[in-house]
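Asks: My structure is in final-v4.cif, and what it holds is mmCIF, C-alpha atoms and all ligand atoms:
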data_upload
loop_
_atom_site.label_atom_id
_atom_site.label_comp_id
_atom_site.auth_asym_id
_atom_site.auth_seq_id
_atom_site.Cartn_x
_atom_site.Cartn_y
_atom_site.Cartn_z
CA MET A 1 156.99 84.11 105.63
CA THR A 2 157.24 87.88 105.94
CA LEU A 3 160.79 89.07 106.43
CA ALA A 4 161.49 91.45 109.31
CA VAL A 5 164.03 93.32 107.17
CA LYS A 6 164.80 93.09 103.48
CA ALA A 7 167.54 95.25 102.00
CA THR A 8 168.19 94.97 98.27
CA GLY A 9 171.14 96.71 96.69
CA VAL A 10 171.15 99.39 99.37
CA GLY A 11 173.73 102.15 98.99
CA LYS A 12 174.36 105.38 100.85
CA VAL A 13 176.52 108.27 99.73
CA PHE A 14 177.13 111.26 102.00
CA ALA A 15 178.09 114.49 100.30
CA ALA A 16 181.07 116.05 102.08
CA LYS A 17 183.30 119.06 101.36
CA ALA A 18 186.31 116.86 100.67
CA GLY A 19 184.24 114.74 98.28
CA ASP A 20 181.46 112.17 98.49
CA VAL A 21 181.73 109.39 101.07
CA THR A 22 180.28 106.06 100.01
CA ALA A 23 179.13 104.78 103.40
CA LEU A 24 177.39 101.72 101.97
CA THR A 25 177.29 99.96 98.64
CA GLY A 26 175.29 97.01 97.31
CA VAL A 27 173.94 95.82 100.65
CA ASP A 28 171.66 92.81 100.36
CA LEU A 29 170.34 91.55 103.67
CA GLU A 30 167.33 89.52 104.75
CA VAL A 31 166.45 89.17 108.41
CA GLU A 32 163.77 86.61 109.12
CA ALA A 33 161.03 87.08 111.68
CA GLY A 34 162.40 86.13 115.11
CA GLU A 35 165.99 85.99 113.87
CA PHE A 36 168.90 87.60 115.76
CA VAL A 37 171.40 89.18 113.38
CA SER A 38 174.51 91.15 114.40
CA LEU A 39 176.40 93.62 112.24
CA ILE A 40 180.13 93.70 112.94
CA GLY A 41 183.07 95.37 111.26
CA PRO A 42 185.78 97.99 111.72
CA SER A 43 184.97 101.61 112.43
CA GLY A 44 183.49 103.35 109.43
CA CYS A 45 182.18 100.24 107.63
CA GLY A 46 178.65 101.60 107.73
CA LYS A 47 177.04 99.53 110.52
CA SER A 48 175.30 102.49 112.13
CA THR A 49 174.37 103.92 108.75
CA LEU A 50 172.68 100.65 107.78
CA LEU A 51 170.77 100.55 111.07
CA ARG A 52 169.72 104.19 110.66
CA LEU A 53 168.43 103.44 107.16
CA ILE A 54 166.41 100.50 108.46
CA ALA A 55 165.00 102.77 111.18
CA ASP A 56 164.20 105.45 108.56
CA LEU A 57 166.36 107.97 110.42
CA ASP A 58 168.04 108.54 107.07
CA GLN A 59 167.24 107.49 103.49
CA PRO A 60 169.27 105.26 101.14
CA SER A 61 170.82 106.81 98.03
CA SER A 62 170.06 103.64 96.09
CA GLY A 63 168.34 100.30 96.52
CA GLU A 64 165.22 99.18 98.36
CA LEU A 65 164.44 98.62 102.02
CA SER A 66 161.38 96.98 103.45
CA ILE A 67 160.39 96.25 107.03
CA PHE A 68 157.73 93.57 107.33
CA ASP A 69 156.94 94.14 103.66
CA LYS A 70 156.40 97.87 104.22
CA PRO A 71 158.55 100.78 103.09
CA ALA A 72 160.86 101.91 105.93
CA ARG A 73 158.92 105.16 106.34
CA ARG A 74 155.59 103.39 106.80
CA ALA A 75 157.16 101.01 109.35
CA ARG A 76 158.49 103.98 111.31
CA ILE A 77 155.13 105.73 111.34
CA ASP A 78 153.46 102.47 112.42
CA GLN A 79 156.18 102.04 115.10
CA ASP A 80 156.83 98.49 113.97
CA TYR A 81 160.16 98.35 115.79
CA GLY A 82 161.79 99.36 119.04
CA ILE A 83 165.13 101.16 119.12
CA ALA A 84 167.92 101.10 121.71
CA PHE A 85 171.24 102.86 121.18
CA GLN A 86 174.53 103.11 123.09
CA GLN A 87 173.29 106.01 125.19
CA ALA A 88 170.16 104.87 126.96
CA GLY A 89 168.52 108.17 125.94
CA LEU A 90 166.07 108.25 128.83
CA LEU A 91 164.07 111.37 129.66
CA PRO A 92 165.65 112.60 132.91
CA TRP A 93 162.44 114.23 134.21
CA ARG A 94 160.48 111.00 133.90
CA THR A 95 160.61 108.08 136.30
CA VAL A 96 161.63 104.62 135.15
CA ALA A 97 157.94 103.69 134.83
CA ALA A 98 157.14 106.84 132.84
CA ASN A 99 160.10 106.29 130.53
CA ILE A 100 159.03 102.72 129.82
CA ALA A 101 155.45 103.90 129.26
CA LEU A 102 156.40 106.47 126.61
CA PRO A 103 155.83 104.31 123.49
CA LEU A 104 152.55 103.11 124.99
CA GLU A 105 151.41 106.71 125.42
CA LEU A 106 152.36 107.39 121.80
CA HIS A 107 150.32 104.33 120.81
CA GLY A 108 147.34 105.73 122.73
CA VAL A 109 147.20 102.85 125.22
CA ALA A 110 144.85 103.69 128.12
CA LYS A 111 146.34 104.25 131.59
CA PRO A 112 145.30 100.98 133.32
CA ALA A 113 146.61 98.85 130.44
CA ARG A 114 149.75 100.99 130.37
CA GLU A 115 150.42 100.48 134.06
CA ALA A 116 149.94 96.73 133.76
CA ARG A 117 152.31 96.56 130.81
CA VAL A 118 154.95 98.70 132.56
CA ALA A 119 154.84 96.38 135.57
CA GLU A 120 155.28 93.37 133.28
CA LEU A 121 158.22 94.99 131.47
CA ALA A 122 159.89 96.14 134.68
CA GLU A 123 159.77 92.56 135.86
CA LEU A 124 161.11 91.27 132.55
CA VAL A 125 164.22 93.44 132.88
CA GLY A 126 164.51 93.01 136.65
CA LEU A 127 163.64 96.57 137.69
CA THR A 128 160.41 96.05 139.62
CA ASP A 129 161.80 97.76 142.71
CA PHE A 130 163.07 100.77 140.78
CA THR A 131 160.06 101.99 138.79
CA ASP A 132 159.71 105.19 140.86
CA ARG A 133 163.36 106.18 140.49
CA PHE A 134 164.67 108.75 138.06
CA PRO A 135 167.36 107.86 135.48
CA ASP A 136 170.16 109.70 137.34
CA GLN A 137 169.51 107.47 140.36
CA LEU A 138 170.36 104.34 138.35
CA SER A 139 173.61 102.71 137.26
CA GLY A 140 174.49 102.65 133.56
CA GLY A 141 173.45 99.00 133.30
CA MET A 142 170.10 99.73 134.90
CA GLN A 143 169.53 102.69 132.58
CA GLN A 144 170.26 100.43 129.63
CA ARG A 145 167.71 97.92 130.95
CA VAL A 146 165.12 100.72 131.10
CA ALA A 147 165.96 101.55 127.49
CA ILE A 148 165.46 97.91 126.51
CA ALA A 149 162.15 97.74 128.38
CA ARG A 150 161.04 100.93 126.62
CA ALA A 151 162.09 99.49 123.24
CA LEU A 152 159.99 96.39 124.01
CA ALA A 153 156.98 98.27 125.42
CA ALA A 154 154.80 98.19 122.34
CA SER A 155 155.71 94.49 121.74
CA PRO A 156 157.53 95.20 118.49
CA LYS A 157 158.44 92.26 116.31
CA LEU A 158 161.75 93.96 115.52
CA LEU A 159 164.40 95.55 117.73
CA LEU A 160 167.13 97.78 116.29
CA MET A 161 170.08 98.09 118.64
CA ASP A 162 173.29 100.05 118.10
CA GLU A 163 175.95 99.01 120.63
CA PRO A 164 173.46 99.12 123.49
CA PHE A 165 176.00 97.57 125.87
CA GLY A 166 179.06 99.41 124.54
CA ALA A 167 179.51 101.66 127.57
CA LEU A 168 179.03 98.95 130.21
CA ASP A 169 181.52 96.94 132.24
CA GLU A 170 182.17 93.38 131.10
CA MET A 171 180.15 91.68 133.87
CA THR A 172 177.05 93.82 133.31
CA ARG A 173 177.48 93.41 129.62
CA GLU A 174 177.53 89.60 129.76
CA TYR A 175 174.55 89.63 132.09
CA LEU A 176 172.52 91.84 129.76
CA GLN A 177 173.52 89.75 126.74
CA GLY A 178 171.94 86.74 128.46
CA GLU A 179 168.87 88.78 129.35
CA LEU A 180 168.49 90.11 125.82
CA THR A 181 168.58 86.65 124.22
CA ARG A 182 166.04 85.43 126.77
CA ILE A 183 163.75 88.40 126.11
CA ALA A 184 164.13 88.12 122.33
CA SER A 185 163.22 84.44 122.36
CA GLU A 186 160.32 84.98 124.79
CA THR A 187 158.85 87.80 122.71
CA GLY A 188 159.73 86.27 119.32
CA ALA A 189 161.20 89.59 118.18
CA ALA A 190 163.80 89.78 115.44
CA VAL A 191 166.87 91.79 116.41
CA VAL A 192 169.40 93.70 114.32
CA PHE A 193 172.31 94.42 116.64
CA VAL A 194 175.40 96.54 115.92
CA THR A 195 178.52 95.65 117.89
CA HIS A 196 182.32 95.88 117.83
CA SER A 197 182.69 92.77 119.94
CA ILE A 198 183.22 89.41 118.24
CA PRO A 199 182.29 87.31 121.33
CA GLU A 200 179.18 89.42 121.86
CA ALA A 201 178.09 89.00 118.23
CA VAL A 202 178.59 85.23 118.35
CA PHE A 203 176.94 84.76 121.74
CA LEU A 204 173.82 86.65 120.72
CA SER A 205 173.28 85.87 117.09
CA ASP A 206 171.79 83.35 114.74
CA ARG A 207 173.84 85.02 112.02
CA VAL A 208 176.77 87.44 112.15
CA VAL A 209 177.04 89.84 109.23
CA VAL A 210 180.65 90.92 108.66
CA MET A 211 181.18 94.30 107.03
CA SER A 212 184.20 96.04 105.56
CA PRO A 213 184.87 99.78 104.97
CA ARG A 214 185.77 101.96 101.95
CA PRO A 215 183.20 101.43 100.65
CA GLY A 216 181.04 99.93 103.41
CA ARG A 217 179.68 96.56 102.34
CA ILE A 218 178.86 93.07 103.53
CA THR A 219 181.81 90.73 103.04
CA ASP A 220 180.65 87.63 104.90
CA VAL A 221 177.68 86.16 106.71
CA ILE A 222 178.35 83.51 109.34
CA ALA A 223 175.57 81.34 110.74
CA THR A 224 176.44 80.44 114.32
CA GLY A 225 174.24 77.33 114.54
CA LEU A 226 174.40 77.58 118.33
CA GLY A 227 170.73 76.75 118.86
CA ALA A 228 168.27 78.43 121.18
CA ALA A 229 170.01 77.96 124.54
CA ARG A 230 172.13 81.03 125.26
CA ASP A 231 173.26 80.33 128.80
CA GLU A 232 176.60 81.02 130.47
CA ALA A 233 177.78 77.46 129.65
CA LEU A 234 177.74 78.43 125.99
CA ARG A 235 180.70 80.75 126.61
CA GLU A 236 182.81 77.66 127.38
CA ASN A 237 181.46 75.60 124.48
CA PRO A 238 184.00 74.55 121.77
CA LEU A 239 181.45 75.30 119.03
CA TYR A 240 181.19 78.86 120.39
CA PHE A 241 184.99 79.27 120.22
CA GLU A 242 184.95 77.86 116.71
CA LYS A 243 182.45 80.49 115.63
CA VAL A 244 184.39 83.27 117.37
CA THR A 245 187.43 82.20 115.34
CA ALA A 246 185.37 82.03 112.15
CA VAL A 247 184.10 85.60 112.63
CA ARG A 248 187.61 86.82 113.52
CA GLU A 249 189.01 85.21 110.37
CA ALA A 250 186.26 86.77 108.29
CA LEU A 251 187.02 90.18 109.82
CA HIS A 252 190.74 89.92 109.18
CA GLY A 253 190.29 88.22 105.84
CA THR A 254 192.98 85.69 106.74
CA LYS A 255 193.28 82.59 108.85
CA VAL A 256 193.91 83.36 112.51
CA GLU A 257 196.45 81.15 114.20
CA ARG A 258 194.87 79.49 117.20
CA ALA A 259 196.80 79.35 120.47
CA ASN A 260 196.67 75.54 120.63
CA GLU A 261 198.06 75.21 117.11
CA ARG A 262 201.23 77.16 117.73
N1 LIG A 301 176.01 112.23 108.38
C1 LIG A 301 177.15 111.90 107.77
N2 LIG A 301 177.78 112.74 106.93
C2 LIG A 301 178.93 112.40 106.30
N3 LIG A 301 179.54 111.19 106.44
C3 LIG A 301 178.94 110.31 107.24
C4 LIG A 301 177.73 110.60 107.96
N4 LIG A 301 177.39 109.50 108.71
C5 LIG A 301 178.36 108.59 108.48
N5 LIG A 301 179.28 109.06 107.60
C6 LIG A 301 180.45 108.31 107.08
O1 LIG A 301 179.98 107.08 106.60
C7 LIG A 301 180.88 106.04 106.94
C8 LIG A 301 180.17 104.97 107.76
O2 LIG A 301 179.84 105.50 109.05
P1 LIG A 301 179.10 104.64 110.15
O3 LIG A 301 178.92 105.51 111.35
O4 LIG A 301 177.89 104.01 109.58
O5 LIG A 301 180.17 103.51 110.46
P2 LIG A 301 180.21 102.45 111.64
O6 LIG A 301 180.60 101.17 111.02
O7 LIG A 301 178.94 102.48 112.40
O8 LIG A 301 181.40 103.04 112.51
P3 LIG A 301 181.69 102.95 114.09
O9 LIG A 301 181.97 101.51 114.33
O10 LIG A 301 182.87 103.82 114.27
O11 LIG A 301 180.46 103.44 114.79
C9 LIG A 301 182.05 106.68 107.65
O12 LIG A 301 183.06 106.94 106.71
C10 LIG A 301 181.46 107.99 108.17
O13 LIG A 301 182.43 108.98 108.29
#
In structure tokens, write the structure found in this file.

Replies:
Amino acid sequence: MTLAVKATGVGKVFAAKAGDVTALTGVDLEVEAGEFVSLIGPSGCGKSTLLRLIADLDQPSSGELSIFDKPARRARIDQDYGIAFQQAGLLPWRTVAANIALPLELHGVAKPAREARVAELAELVGLTDFTDRFPDQLSGGMQQRVAIARALAASPKLLLMDEPFGALDEMTREYLQGELTRIASETGAAVVFVTHSIPEAVFLSDRVVVMSPRPGRITDVIATGLGAARDEALRENPLYFEKVTAVREALHGTKVERANER
């Protein structure tokens, strides 16, 4: 089966005045079609750099990257993926509907089909009643939902997300996590998701990729094995806690003492 993302020996060196910074070294990563993979690790471990390389916003210094068997550049030109970052990045002069429609316009989709698709997407993210509003009339969580709808507009089979919920309050964040897993499973899209939050990574992912800085690299990959159902009950599930602990241990590189073992 075609892989959504395949990174082989990917490295990235930034030239800086004080000397070169090796942001990434020897990164091997395969993301299967439909798979949800999170990248987690301390500040500076190269999570955003890796995502930017996948999105062809920057080029690797070494190694190979392919997106659905295409070079990253080709995949970008073909708009094979949707992108959502921490700042929703909406166009303030466009309504919610017009923001969501943007990738469809770029794809040359005709107006009637565009309007139908925007209505469908607005419903998917729960914004049907807000399509005529402008971004500054929405809460942060609603803006982020518009960004997700826009990322999904052209039905990409891959979503690249860099801390899309980072600036949101905990309640909104948990709500959108549930929505995102529902949307990803309904659309069959693979997701590469950068986060600082261990519970968020575990809740969302099929696999959590743990990274470490200086130089940025992958140090562990943890399969969550939590199955398809990502409902609120999962947050109370012992297997979920077990995986949260496993990721925490991998991040700290040592065993974490659990409260009930003290
Ligand atoms: N354009 C750039 N020029 C020089 N150095 C850079 C550039 N972009 C990133 N770096 C360096 O590369 C390393 C990895 O940065 P990156 O932003 O990918 O880390 P991160 O894991 O996403 O961090 P954070 O969690 O803080 O967002 C850091 O040391 C950073 O300073």

Asks: Have a look at CA of Ser155 (chain A) and CA of Ile83 (chain A) and let me know their distance in Å, one decimal.

Replies: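 Taking CA of Ser155 (chain A) and CA of Ile83 (chain A), their separation equals 11.8 Å.
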
Asks: Under the rule that all atoms listed in the file are counted, which of A:Phe36, A:Trp93, A:Phe134, A:Phe68 is the nearest residue to Arg230 (chain A)?

Replies: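 So, comparing all the options, the nearest one is A:Phe36.
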
Asks: Please return as number ranges by chain the residues found within 6 Å of ligand LIG 301 (chain A), counting all atoms listed in the file.

Replies: A: 14, 16, 23, 42-49

Asks: Which polymer residues have any atom within 10 Å of an atom of Leu124 (chain A), counting all atoms listed in the file, with same-chain residues fewer than 6 positions away left out, as a PyMOL selection string?

Replies: chain A and resi 118+145+148-149+179+182-183

Asks: Taking into account only C-alpha atoms, which residue in the set A:Glu30, A:Glu174, A:Asp132, A:Glu105 is nearest to Ala201 (chain A)?

Replies: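 Comparing A:Glu30, A:Glu174, A:Asp132, A:Glu105 against Ala201 (chain A), the winner is A:Glu174.
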
Asks: If I take CA of Ser197 (chain A) and CA of Asp162 (chain A), how far is one from the other in Å, to one decimal?

Replies: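 Between CA of Ser197 (chain A) and CA of Asp162 (chain A) the gap is 12.0 Å.
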
Asks: Which neighbours of Gly41 (chain A) fall inside 10 Å, counting only C-alpha atoms, when residues of the same chain fewer than 4 positions from it are skipped, and could you give them as a list in words?

Replies: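 Residues meeting the cut-off are Cys45, Gly46, Lys47, Val194, Thr195, His196, Ser197, Ile198, Val209, Val210, Met211, Ser212, Pro213, Gly216, Arg217, Ile218, Thr219, Val247, Arg248, Ala250, Leu251 and His252 of chain A.
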
Asks: Just the selected residues (C-alpha atoms), exported as an mmCIF file, in the frame of the given file, please.

Replies:
data_model
loop_
_atom_site.group_PDB
_atom_site.id
_atom_site.type_symbol
_atom_site.label_atom_id
_atom_site.label_comp_id
_atom_site.auth_asym_id
_atom_site.auth_seq_id
_atom_site.Cartn_x
_atom_site.Cartn_y
_atom_site.Cartn_z
ATOM 1 C CA CYS A 45 182.180 100.240 107.630
ATOM 2 C CA GLY A 46 178.650 101.600 107.730
ATOM 3 C CA LYS A 47 177.040 99.530 110.520
ATOM 4 C CA VAL A 194 175.400 96.540 115.920
ATOM 5 C CA THR A 195 178.520 95.650 117.890
ATOM 6 C CA HIS A 196 182.320 95.880 117.830
ATOM 7 C CA SER A 197 182.690 92.770 119.940
ATOM 8 C CA ILE A 198 183.220 89.410 118.240
ATOM 9 C CA VAL A 209 177.040 89.840 109.230
ATOM 10 C CA VAL A 210 180.650 90.920 108.660
ATOM 11 C CA MET A 211 181.180 94.300 107.030
ATOM 12 C CA SER A 212 184.200 96.040 105.560
ATOM 13 C CA PRO A 213 184.870 99.780 104.970
ATOM 14 C CA GLY A 216 181.040 99.930 103.410
ATOM 15 C CA ARG A 217 179.680 96.560 102.340
ATOM 16 C CA ILE A 218 178.860 93.070 103.530
ATOM 17 C CA THR A 219 181.810 90.730 103.040
ATOM 18 C CA VAL A 247 184.100 85.600 112.630
ATOM 19 C CA ARG A 248 187.610 86.820 113.520
ATOM 20 C CA ALA A 250 186.260 86.770 108.290
ATOM 21 C CA LEU A 251 187.020 90.180 109.820
ATOM 22 C CA HIS A 252 190.740 89.920 109.180
#

Asks: Using all atoms listed in the file, which of A:Thr224, A:Thr95, A:Ser205, A:Gln59 sits nearest Leu239 (chain A)?

Replies: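 Smallest separation from Leu239 (chain A) among the options: A:Thr224.
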